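Below you'll find the structure, written out as structure tokens, and then a few comments.
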Amino acid sequence: MEAAVAHGVAALGAVTDRDWTGVRAGRLEWDCRGTAVHVASDLIAYAGQLAGRARGAYVPFDIALDDGTDNSGVLHVITTTGSLLAAAVRTTPRSVRAFHPYPFRHAGREGFAAMGVAEVLLHTHDIAEGLGIAYEPPAELCEFVLTRIFPHVRPGPSPWPTLLWATGRGGLEGREPVTAWRWYNNPVLRSERLGLEGVTPAVAASLSVAGDGGFTWAGGAPAEGTRVGAGIGVKQYEEGAYLPEWGMYVLVRREDDRAVGAMGFHGAPADGRAEIGYDLVVEARGNGYATEALRTLSAWALEQDAVHTVVAVVEESNVPSQKVVTRAGFTEVSRQEGRITYELRA
């Protein structure tokens, strides 16, 4: 957050002597001055959502600049509000979610950080375009945004042009122009004892290469099946086929914020069917966590218009997993080549 603000403020600081009022900011309807004020307003709003643990709505406040504030003063306000958002991100516990309307009506600290960075990068671009100056932020900042809140966007040859294309601000070879767009914060579902936290491409990449994905794991590390599933998610992201609600969820024990396993879909539903898989770390088995999570995630899936059946395929030799699916309400429908197929219907 602080790096994004510092880079943007440095770029715009070179033209504070020019008139920003009445000069259209790139493709926006706002002028450059109004766009800069908008950035400051968004950053303090995001900080307020996190600090206030907002539920169901925005915290009802706004900022107003003093009369006579010049362009340098506006940039000072952006630096200040960016620092406040950075402080809120640092001091907010990992598991906290606060209200944001799209698409799942909440976001965590990393989501708010990514949204804040996106506001700074994109609107600095808009202002720079309006004023006719060059601007390109560091690639790692653009990648941070793309892998947190644009999971549905297939990576391009370079992060900055990809982010501009994804937000309707530029072309990308081989892809149709974007005329409408939204970012995606990751979904979170709750069961009696667990939080089921949807995995972003950044988390999937970490888990697939022996990282912890930002979680503290019971037993010290995720199970091998989690790493394999995360690798599948990374491949889907690279192909532009990753949808956060139909990917992997990390199962987090709410009492101590420790990850105990993972569960997720093999991909988006096809012909009304969604296949699900899961595993738990050894230290967490025998507590009913898998059954609880499977009931929760399956019930959510069957509430979606695109799904009428959830499918689970279990090895005949895996008796504990067979017990999990039957306790969760699934019914055996076939056996073939040492594997049992179970279904749960709406």
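So you can find residues: chains in the structure tokens are A, B, ... in the order shown, residues in each start at 1, and ligands are numbered from 1 in order.
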Using only C-alpha atoms, determine which residues lie at most 10 Å from segment 31-47 of chain A, disregarding the query and same-chain residues fewer than 6 positions distant; provide the list as number ranges by chain. A: 1, 12, 19-25, 53-54, 58-65, 70-71, 74-89, 98-100, 109, 111-113, 115-124, 126-131
Among segment 94-286 of chain A, which residues does DSSP mark as helix (DSSP H, G or I) when it is run on the backbone? Keep the chain and numbering as in the structure and answer as a ChimeraX atom specification. /A:109-131,139-149,159-166,201-208,224-238,244-246,282-284
Contacts of Pro93 of chain A at 12 Å or less, counting only C-alpha atoms, minus same-chain residues fewer than 6 places along, as an mmCIF file with N, CA, C and O atoms, in the first residue's frame?
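Output below, filename result_39.cif:
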```cif
data_model
loop_
_atom_site.group_PDB
_atom_site.id
_atom_site.type_symbol
_atom_site.label_atom_id
_atom_site.label_comp_id
_atom_site.auth_asym_id
_atom_site.auth_seq_id
_atom_site.Cartn_x
_atom_site.Cartn_y
_atom_site.Cartn_z
ATOM 1 N N LEU A 50 -12.124 -1.577 7.740
ATOM 2 C CA LEU A 50 -11.337 -2.545 8.509
ATOM 3 C C LEU A 50 -11.285 -2.180 9.986
ATOM 4 O O LEU A 50 -11.532 -3.020 10.855
ATOM 5 N N ALA A 51 -10.953 -0.933 10.275
ATOM 6 C CA ALA A 51 -10.802 -0.524 11.673
ATOM 7 C C ALA A 51 -12.119 -0.610 12.427
ATOM 8 O O ALA A 51 -12.160 -0.964 13.610
ATOM 9 N N ARG A 53 -14.568 -2.674 11.661
ATOM 10 C CA ARG A 53 -15.165 -4.006 11.531
ATOM 11 C C ARG A 53 -16.590 -3.895 10.985
ATOM 12 O O ARG A 53 -17.545 -4.466 11.521
ATOM 13 N N ALA A 87 -1.819 0.972 7.959
ATOM 14 C CA ALA A 87 -1.827 0.682 9.391
ATOM 15 C C ALA A 87 -3.003 -0.220 9.761
ATOM 16 O O ALA A 87 -2.867 -1.139 10.578
ATOM 17 N N GLY A 108 -11.280 -9.325 3.368
ATOM 18 C CA GLY A 108 -10.298 -9.377 4.439
ATOM 19 C C GLY A 108 -9.251 -8.296 4.255
ATOM 20 O O GLY A 108 -9.308 -7.498 3.325
ATOM 21 N N ARG A 109 -8.264 -8.313 5.141
ATOM 22 C CA ARG A 109 -7.248 -7.262 5.096
ATOM 23 C C ARG A 109 -6.483 -7.262 3.779
ATOM 24 O O ARG A 109 -6.159 -6.195 3.241
ATOM 25 N N GLU A 110 -6.192 -8.443 3.226
ATOM 26 C CA GLU A 110 -5.462 -8.493 1.962
ATOM 27 C C GLU A 110 -6.320 -7.988 0.817
ATOM 28 O O GLU A 110 -5.825 -7.335 -0.105
ATOM 29 N N GLY A 214 -0.141 -18.197 3.830
ATOM 30 C CA GLY A 214 -0.534 -17.161 4.795
ATOM 31 C C GLY A 214 -1.303 -17.696 5.985
ATOM 32 O O GLY A 214 -1.745 -16.920 6.825
ATOM 33 N N PHE A 215 -1.448 -19.012 6.079
ATOM 34 C CA PHE A 215 -2.179 -19.645 7.179
ATOM 35 C C PHE A 215 -1.213 -20.289 8.164
ATOM 36 O O PHE A 215 -0.102 -20.690 7.796
ATOM 37 N N ASP A 256 -9.000 -21.159 17.068
ATOM 38 C CA ASP A 256 -7.587 -20.789 17.174
ATOM 39 C C ASP A 256 -6.984 -20.290 15.868
ATOM 40 O O ASP A 256 -5.784 -20.062 15.783
ATOM 41 N N ASP A 257 -7.825 -20.102 14.832
ATOM 42 C CA ASP A 257 -7.397 -19.595 13.523
ATOM 43 C C ASP A 257 -6.317 -20.478 12.889
ATOM 44 O O ASP A 257 -5.432 -19.988 12.189
#
```
Between atom CA of Ala202 of chain A and atom CA of Ala3 of chain A, measure the distance and give it in Å to one decimal.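 Atom CA of Ala3 of chain A lies 18.8 Å from atom CA of Ala202 of chain A.
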Given the choices A:Pro244, A:Gly168, A:Gly225, A:Pro138, which gets closest to Asn186 of chain A if the distance is worked out from only C-alpha atoms?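 Closest to Asn186 of chain A, using only C-alpha atoms: A:Pro244.
Minimum distance to Arg105 of chain A across A:Val145, A:Ala134, A:Gly26, A:Pro187 (counting only C-alpha atoms) occurs at A:Pro187.
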Please report the interatomic distance between atom CA of Thr179 of chain A and atom CA of Ile133 of chain A in Å with one decimal.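 Separation of atom CA of Thr179 of chain A and atom CA of Ile133 of chain A: 24.4 Å.
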Of the residues A:Ala262, A:Leu243, A:Leu196, A:Ala268, which is the one nearest to Thr296 of chain A, using only C-alpha atoms?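 Closest residue, counting only C-alpha atoms: A:Leu196.
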List the spatial neighbours of Pro103 of chain A as a PyMOL selection string - criterion: any atom at most 8 Å away, only C-alpha atoms, same-chain residues fewer than 6 positions off excluded. chain A and resi 183-185
Take the residues that were just selected and, keeping all heavy atoms, output them as a tab-separated table (two decimals), in the first residue's frame.
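out.tsv written:
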```tsv
chain	number	residue	atom	x	y	z
A	183	TRP	N	-13.93	-6.35	-9.75
A	183	TRP	CA	-12.95	-7.22	-9.11
A	183	TRP	C	-13.66	-8.19	-8.18
A	183	TRP	O	-14.83	-8.02	-7.86
A	183	TRP	CB	-11.90	-6.41	-8.37
A	183	TRP	CG	-12.39	-5.41	-7.35
A	183	TRP	CD1	-13.35	-5.58	-6.40
A	183	TRP	CD2	-11.92	-4.06	-7.21
A	183	TRP	NE1	-13.50	-4.44	-5.65
A	183	TRP	CE2	-12.63	-3.48	-6.13
A	183	TRP	CE3	-10.96	-3.30	-7.86
A	183	TRP	CZ2	-12.41	-2.18	-5.70
A	183	TRP	CZ3	-10.74	-2.00	-7.42
A	183	TRP	CH2	-11.47	-1.45	-6.36
A	184	TYR	N	-12.96	-9.24	-7.78
A	184	TYR	CA	-13.52	-10.29	-6.94
A	184	TYR	C	-12.69	-10.43	-5.67
A	184	TYR	O	-11.51	-10.81	-5.73
A	184	TYR	CB	-13.46	-11.65	-7.66
A	184	TYR	CG	-14.51	-11.89	-8.70
A	184	TYR	CD1	-14.43	-11.29	-9.95
A	184	TYR	CD2	-15.56	-12.76	-8.46
A	184	TYR	CE1	-15.38	-11.53	-10.92
A	184	TYR	CE2	-16.53	-13.01	-9.42
A	184	TYR	CZ	-16.43	-12.39	-10.64
A	184	TYR	OH	-17.38	-12.63	-11.61
A	185	ASN	N	-13.30	-10.18	-4.52
A	185	ASN	CA	-12.71	-10.62	-3.27
A	185	ASN	C	-13.07	-12.09	-3.07
A	185	ASN	O	-14.08	-12.57	-3.58
A	185	ASN	CB	-13.20	-9.77	-2.10
A	185	ASN	CG	-12.47	-8.45	-2.02
A	185	ASN	OD1	-11.30	-8.40	-1.67
A	185	ASN	ND2	-13.15	-7.36	-2.38
```
Would you mind reading off the distance between atom CA of Glu275 of chain A and atom CA of Leu251 of chain A, one decimal, in Å?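 Atom CA of Leu251 of chain A lies at a distance of 17.7 Å from atom CA of Glu275 of chain A.
Between Arg90 of chain A and the candidates A:Asp279, A:Thr309, A:Pro161, A:Glu2, the tightest atom-to-atom separation, counting only C-alpha atoms, involves A:Glu2.
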Residue with smallest distance to Thr216 of chain A - pool A:Gly52, A:Arg285, A:Arg94, A:Gln336, counting only C-alpha atoms: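 The closest residue to Thr216 of chain A is A:Arg94.
The shortest atom-to-atom distance to Val311 of chain A, with only C-alpha atoms taken into account, belongs to A:Gly277 out of A:Gly288, A:Gly277, A:Gly338, A:Gly213.
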Give me the residues within 10 Å of Val188 of chain A as a ChimeraX atom specification, counting only C-alpha atoms and dropping any in the same chain fewer than 2 places off. /A:97,104,106-108,185-186,190,195-199,245,249-251
Would you give me, as an mmCIF file with all heavy atoms, in the first residue's frame, the residues in segment 168-271 of chain A that DSSP reads as strand (DSSP E)?
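The result, stored in part_20.cif:
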```
data_model
loop_
_atom_site.group_PDB
_atom_site.id
_atom_site.type_symbol
_atom_site.label_atom_id
_atom_site.label_comp_id
_atom_site.auth_asym_id
_atom_site.auth_seq_id
_atom_site.Cartn_x
_atom_site.Cartn_y
_atom_site.Cartn_z
ATOM 1 N N VAL A 188 -15.999 -16.503 1.629
ATOM 2 C CA VAL A 188 -15.811 -17.188 2.908
ATOM 3 C C VAL A 188 -17.167 -17.729 3.348
ATOM 4 O O VAL A 188 -18.153 -16.987 3.390
ATOM 5 C CB VAL A 188 -15.254 -16.253 4.001
ATOM 6 C CG1 VAL A 188 -15.175 -16.987 5.339
ATOM 7 C CG2 VAL A 188 -13.875 -15.737 3.621
ATOM 8 N N LEU A 189 -17.213 -19.011 3.653
ATOM 9 C CA LEU A 189 -18.407 -19.640 4.207
ATOM 10 C C LEU A 189 -18.122 -20.028 5.651
ATOM 11 O O LEU A 189 -16.968 -20.241 6.025
ATOM 12 C CB LEU A 189 -18.785 -20.889 3.400
ATOM 13 C CG LEU A 189 -18.988 -20.695 1.896
ATOM 14 C CD1 LEU A 189 -19.246 -22.037 1.229
ATOM 15 C CD2 LEU A 189 -20.126 -19.729 1.623
ATOM 16 N N ARG A 190 -19.169 -20.152 6.451
ATOM 17 C CA ARG A 190 -18.981 -20.487 7.864
ATOM 18 C C ARG A 190 -19.833 -21.695 8.236
ATOM 19 O O ARG A 190 -21.004 -21.773 7.883
ATOM 20 C CB ARG A 190 -19.348 -19.300 8.767
ATOM 21 C CG ARG A 190 -18.348 -18.163 8.696
ATOM 22 C CD ARG A 190 -18.743 -17.031 9.628
ATOM 23 N NE ARG A 190 -17.768 -15.969 9.612
ATOM 24 C CZ ARG A 190 -16.724 -15.896 10.431
ATOM 25 N NH1 ARG A 190 -16.550 -16.835 11.344
ATOM 26 N NH2 ARG A 190 -15.877 -14.892 10.355
ATOM 27 N N LEU A 194 -15.915 -23.939 11.765
ATOM 28 C CA LEU A 194 -14.914 -23.654 10.750
ATOM 29 C C LEU A 194 -15.261 -22.429 9.917
ATOM 30 O O LEU A 194 -16.431 -22.095 9.735
ATOM 31 C CB LEU A 194 -14.764 -24.848 9.800
ATOM 32 C CG LEU A 194 -14.398 -26.191 10.411
ATOM 33 C CD1 LEU A 194 -14.496 -27.283 9.351
ATOM 34 C CD2 LEU A 194 -13.005 -26.151 11.013
ATOM 35 N N GLY A 195 -14.232 -21.803 9.382
ATOM 36 C CA GLY A 195 -14.372 -20.856 8.292
ATOM 37 C C GLY A 195 -13.822 -21.507 7.036
ATOM 38 O O GLY A 195 -12.717 -22.069 7.052
ATOM 39 N N LEU A 196 -14.593 -21.498 5.967
ATOM 40 C CA LEU A 196 -14.140 -22.047 4.690
ATOM 41 C C LEU A 196 -13.740 -20.862 3.823
ATOM 42 O O LEU A 196 -14.591 -20.128 3.310
ATOM 43 C CB LEU A 196 -15.248 -22.858 4.010
ATOM 44 C CG LEU A 196 -15.576 -24.243 4.566
ATOM 45 C CD1 LEU A 196 -16.195 -24.157 5.967
ATOM 46 C CD2 LEU A 196 -16.522 -24.987 3.626
ATOM 47 N N GLU A 197 -12.441 -20.637 3.676
ATOM 48 C CA GLU A 197 -11.918 -19.438 3.038
ATOM 49 C C GLU A 197 -11.468 -19.730 1.615
ATOM 50 O O GLU A 197 -10.545 -20.513 1.388
ATOM 51 C CB GLU A 197 -10.762 -18.867 3.851
ATOM 52 C CG GLU A 197 -11.157 -18.519 5.284
ATOM 53 C CD GLU A 197 -10.095 -17.750 6.033
ATOM 54 O OE1 GLU A 197 -9.168 -17.215 5.375
ATOM 55 O OE2 GLU A 197 -10.182 -17.669 7.268
ATOM 56 N N GLY A 198 -12.133 -19.103 0.660
ATOM 57 C CA GLY A 198 -11.783 -19.288 -0.738
ATOM 58 C C GLY A 198 -10.359 -18.847 -1.017
ATOM 59 O O GLY A 198 -9.884 -17.831 -0.508
ATOM 60 N N THR A 216 -1.656 -20.402 9.409
ATOM 61 C CA THR A 216 -0.955 -21.223 10.393
ATOM 62 C C THR A 216 -1.630 -22.586 10.401
ATOM 63 O O THR A 216 -2.826 -22.690 10.691
ATOM 64 C CB THR A 216 -1.026 -20.592 11.790
ATOM 65 O OG1 THR A 216 -0.414 -19.299 11.751
ATOM 66 C CG2 THR A 216 -0.284 -21.460 12.805
ATOM 67 N N TRP A 217 -0.882 -23.635 10.074
ATOM 68 C CA TRP A 217 -1.465 -24.961 9.878
ATOM 69 C C TRP A 217 -1.327 -25.825 11.119
ATOM 70 O O TRP A 217 -0.259 -25.889 11.734
ATOM 71 C CB TRP A 217 -0.797 -25.663 8.693
ATOM 72 C CG TRP A 217 -1.181 -25.043 7.393
ATOM 73 C CD1 TRP A 217 -0.613 -23.953 6.812
ATOM 74 C CD2 TRP A 217 -2.252 -25.449 6.541
ATOM 75 N NE1 TRP A 217 -1.256 -23.656 5.633
ATOM 76 C CE2 TRP A 217 -2.266 -24.558 5.438
ATOM 77 C CE3 TRP A 217 -3.189 -26.477 6.589
ATOM 78 C CZ2 TRP A 217 -3.187 -24.671 4.401
ATOM 79 C CZ3 TRP A 217 -4.110 -26.595 5.564
ATOM 80 C CH2 TRP A 217 -4.101 -25.706 4.479
ATOM 81 N N MET A 248 -10.704 -23.856 -4.552
ATOM 82 C CA MET A 248 -10.357 -24.465 -3.274
ATOM 83 C C MET A 248 -10.701 -23.537 -2.115
ATOM 84 O O MET A 248 -10.572 -22.314 -2.224
ATOM 85 C CB MET A 248 -8.856 -24.779 -3.236
ATOM 86 C CG MET A 248 -8.351 -25.288 -1.893
ATOM 87 S SD MET A 248 -6.550 -25.443 -1.842
ATOM 88 C CE MET A 248 -6.364 -26.926 -2.838
ATOM 89 N N TYR A 249 -11.126 -24.148 -1.015
ATOM 90 C CA TYR A 249 -11.362 -23.442 0.241
ATOM 91 C C TYR A 249 -10.446 -24.049 1.316
ATOM 92 O O TYR A 249 -10.382 -25.278 1.465
ATOM 93 C CB TYR A 249 -12.812 -23.600 0.696
ATOM 94 C CG TYR A 249 -13.835 -22.919 -0.178
ATOM 95 C CD1 TYR A 249 -14.186 -23.455 -1.415
ATOM 96 C CD2 TYR A 249 -14.480 -21.759 0.243
ATOM 97 C CE1 TYR A 249 -15.140 -22.842 -2.214
ATOM 98 C CE2 TYR A 249 -15.443 -21.140 -0.553
ATOM 99 C CZ TYR A 249 -15.756 -21.693 -1.781
ATOM 100 O OH TYR A 249 -16.713 -21.080 -2.569
ATOM 101 N N VAL A 250 -9.749 -23.197 2.046
ATOM 102 C CA VAL A 250 -8.985 -23.674 3.192
ATOM 103 C C VAL A 250 -9.913 -23.723 4.399
ATOM 104 O O VAL A 250 -10.676 -22.778 4.647
ATOM 105 C CB VAL A 250 -7.774 -22.765 3.467
ATOM 106 C CG1 VAL A 250 -7.085 -23.146 4.787
ATOM 107 C CG2 VAL A 250 -6.768 -22.880 2.321
ATOM 108 N N LEU A 251 -9.867 -24.812 5.131
ATOM 109 C CA LEU A 251 -10.721 -25.005 6.304
ATOM 110 C C LEU A 251 -9.977 -24.496 7.530
ATOM 111 O O LEU A 251 -8.938 -25.049 7.906
ATOM 112 C CB LEU A 251 -11.072 -26.483 6.470
ATOM 113 C CG LEU A 251 -11.548 -27.219 5.208
ATOM 114 C CD1 LEU A 251 -11.883 -28.668 5.535
ATOM 115 C CD2 LEU A 251 -12.727 -26.509 4.576
ATOM 116 N N VAL A 252 -10.500 -23.441 8.135
ATOM 117 C CA VAL A 252 -9.823 -22.792 9.256
ATOM 118 C C VAL A 252 -10.648 -22.963 10.521
ATOM 119 O O VAL A 252 -11.824 -22.583 10.567
ATOM 120 C CB VAL A 252 -9.594 -21.291 8.973
ATOM 121 C CG1 VAL A 252 -8.852 -20.636 10.135
ATOM 122 C CG2 VAL A 252 -8.815 -21.111 7.672
ATOM 123 N N ARG A 253 -10.034 -23.517 11.537
ATOM 124 C CA ARG A 253 -10.702 -23.701 12.827
ATOM 125 C C ARG A 253 -10.829 -22.342 13.512
ATOM 126 O O ARG A 253 -9.837 -21.684 13.796
ATOM 127 C CB ARG A 253 -9.868 -24.670 13.680
ATOM 128 C CG ARG A 253 -10.546 -25.199 14.902
ATOM 129 C CD ARG A 253 -9.793 -26.409 15.426
ATOM 130 N NE ARG A 253 -8.369 -26.129 15.646
ATOM 131 C CZ ARG A 253 -7.422 -27.067 15.727
ATOM 132 N NH1 ARG A 253 -7.747 -28.344 15.600
ATOM 133 N NH2 ARG A 253 -6.173 -26.741 15.937
ATOM 134 N N ARG A 258 -6.398 -21.770 13.112
ATOM 135 C CA ARG A 258 -5.458 -22.704 12.492
ATOM 136 C C ARG A 258 -6.142 -23.451 11.341
ATOM 137 O O ARG A 258 -7.281 -23.912 11.476
ATOM 138 C CB ARG A 258 -4.916 -23.710 13.508
ATOM 139 C CG ARG A 258 -3.962 -23.080 14.503
ATOM 140 C CD ARG A 258 -3.323 -24.107 15.431
ATOM 141 N NE ARG A 258 -2.388 -23.453 16.336
ATOM 142 C CZ ARG A 258 -1.105 -23.222 16.059
ATOM 143 N NH1 ARG A 258 -0.616 -23.633 14.909
ATOM 144 N NH2 ARG A 258 -0.322 -22.611 16.922
ATOM 145 N N ALA A 259 -5.432 -23.572 10.233
ATOM 146 C CA ALA A 259 -5.944 -24.313 9.086
ATOM 147 C C ALA A 259 -5.823 -25.801 9.355
ATOM 148 O O ALA A 259 -4.775 -26.277 9.802
ATOM 149 C CB ALA A 259 -5.179 -23.934 7.828
ATOM 150 N N VAL A 260 -6.900 -26.535 9.083
ATOM 151 C CA VAL A 260 -6.911 -27.972 9.357
ATOM 152 C C VAL A 260 -7.040 -28.808 8.094
ATOM 153 O O VAL A 260 -6.960 -30.035 8.153
ATOM 154 C CB VAL A 260 -8.037 -28.342 10.344
ATOM 155 C CG1 VAL A 260 -7.825 -27.645 11.680
ATOM 156 C CG2 VAL A 260 -9.412 -27.982 9.764
ATOM 157 N N GLY A 261 -7.240 -28.178 6.957
ATOM 158 C CA GLY A 261 -7.371 -28.926 5.713
ATOM 159 C C GLY A 261 -7.875 -28.047 4.594
ATOM 160 O O GLY A 261 -7.881 -26.811 4.699
ATOM 161 N N ALA A 262 -8.294 -28.684 3.521
ATOM 162 C CA ALA A 262 -8.810 -27.946 2.361
ATOM 163 C C ALA A 262 -9.910 -28.759 1.698
ATOM 164 O O ALA A 262 -9.951 -29.991 1.793
ATOM 165 C CB ALA A 262 -7.701 -27.657 1.360
ATOM 166 N N MET A 263 -10.801 -28.056 1.050
ATOM 167 C CA MET A 263 -11.922 -28.673 0.345
ATOM 168 C C MET A 263 -12.254 -27.789 -0.839
ATOM 169 O O MET A 263 -12.099 -26.558 -0.769
ATOM 170 C CB MET A 263 -13.122 -28.790 1.284
ATOM 171 C CG MET A 263 -14.356 -29.453 0.688
ATOM 172 S SD MET A 263 -15.645 -29.704 1.946
ATOM 173 C CE MET A 263 -14.863 -30.977 2.961
ATOM 174 N N GLY A 264 -12.692 -28.386 -1.909
ATOM 175 C CA GLY A 264 -13.029 -27.544 -3.040
ATOM 176 C C GLY A 264 -13.571 -28.316 -4.217
ATOM 177 O O GLY A 264 -13.678 -29.548 -4.194
ATOM 178 N N PHE A 265 -13.916 -27.566 -5.246
ATOM 179 C CA PHE A 265 -14.491 -28.126 -6.455
ATOM 180 C C PHE A 265 -13.400 -28.330 -7.498
ATOM 181 O O PHE A 265 -12.404 -27.611 -7.524
ATOM 182 C CB PHE A 265 -15.568 -27.193 -6.998
ATOM 183 C CG PHE A 265 -16.679 -26.943 -6.012
ATOM 184 C CD1 PHE A 265 -16.718 -25.775 -5.261
ATOM 185 C CD2 PHE A 265 -17.680 -27.880 -5.819
ATOM 186 C CE1 PHE A 265 -17.730 -25.541 -4.347
ATOM 187 C CE2 PHE A 265 -18.701 -27.668 -4.907
ATOM 188 C CZ PHE A 265 -18.721 -26.500 -4.172
#
```
At a cut-off of 8 Å, using only C-alpha atoms, what residues contact Gly233 of chain A? Leave out same-chain residues fewer than 5 positions from it and give the result as an MDAnalysis selection string. chainID A and resid 201 204 242 247:248
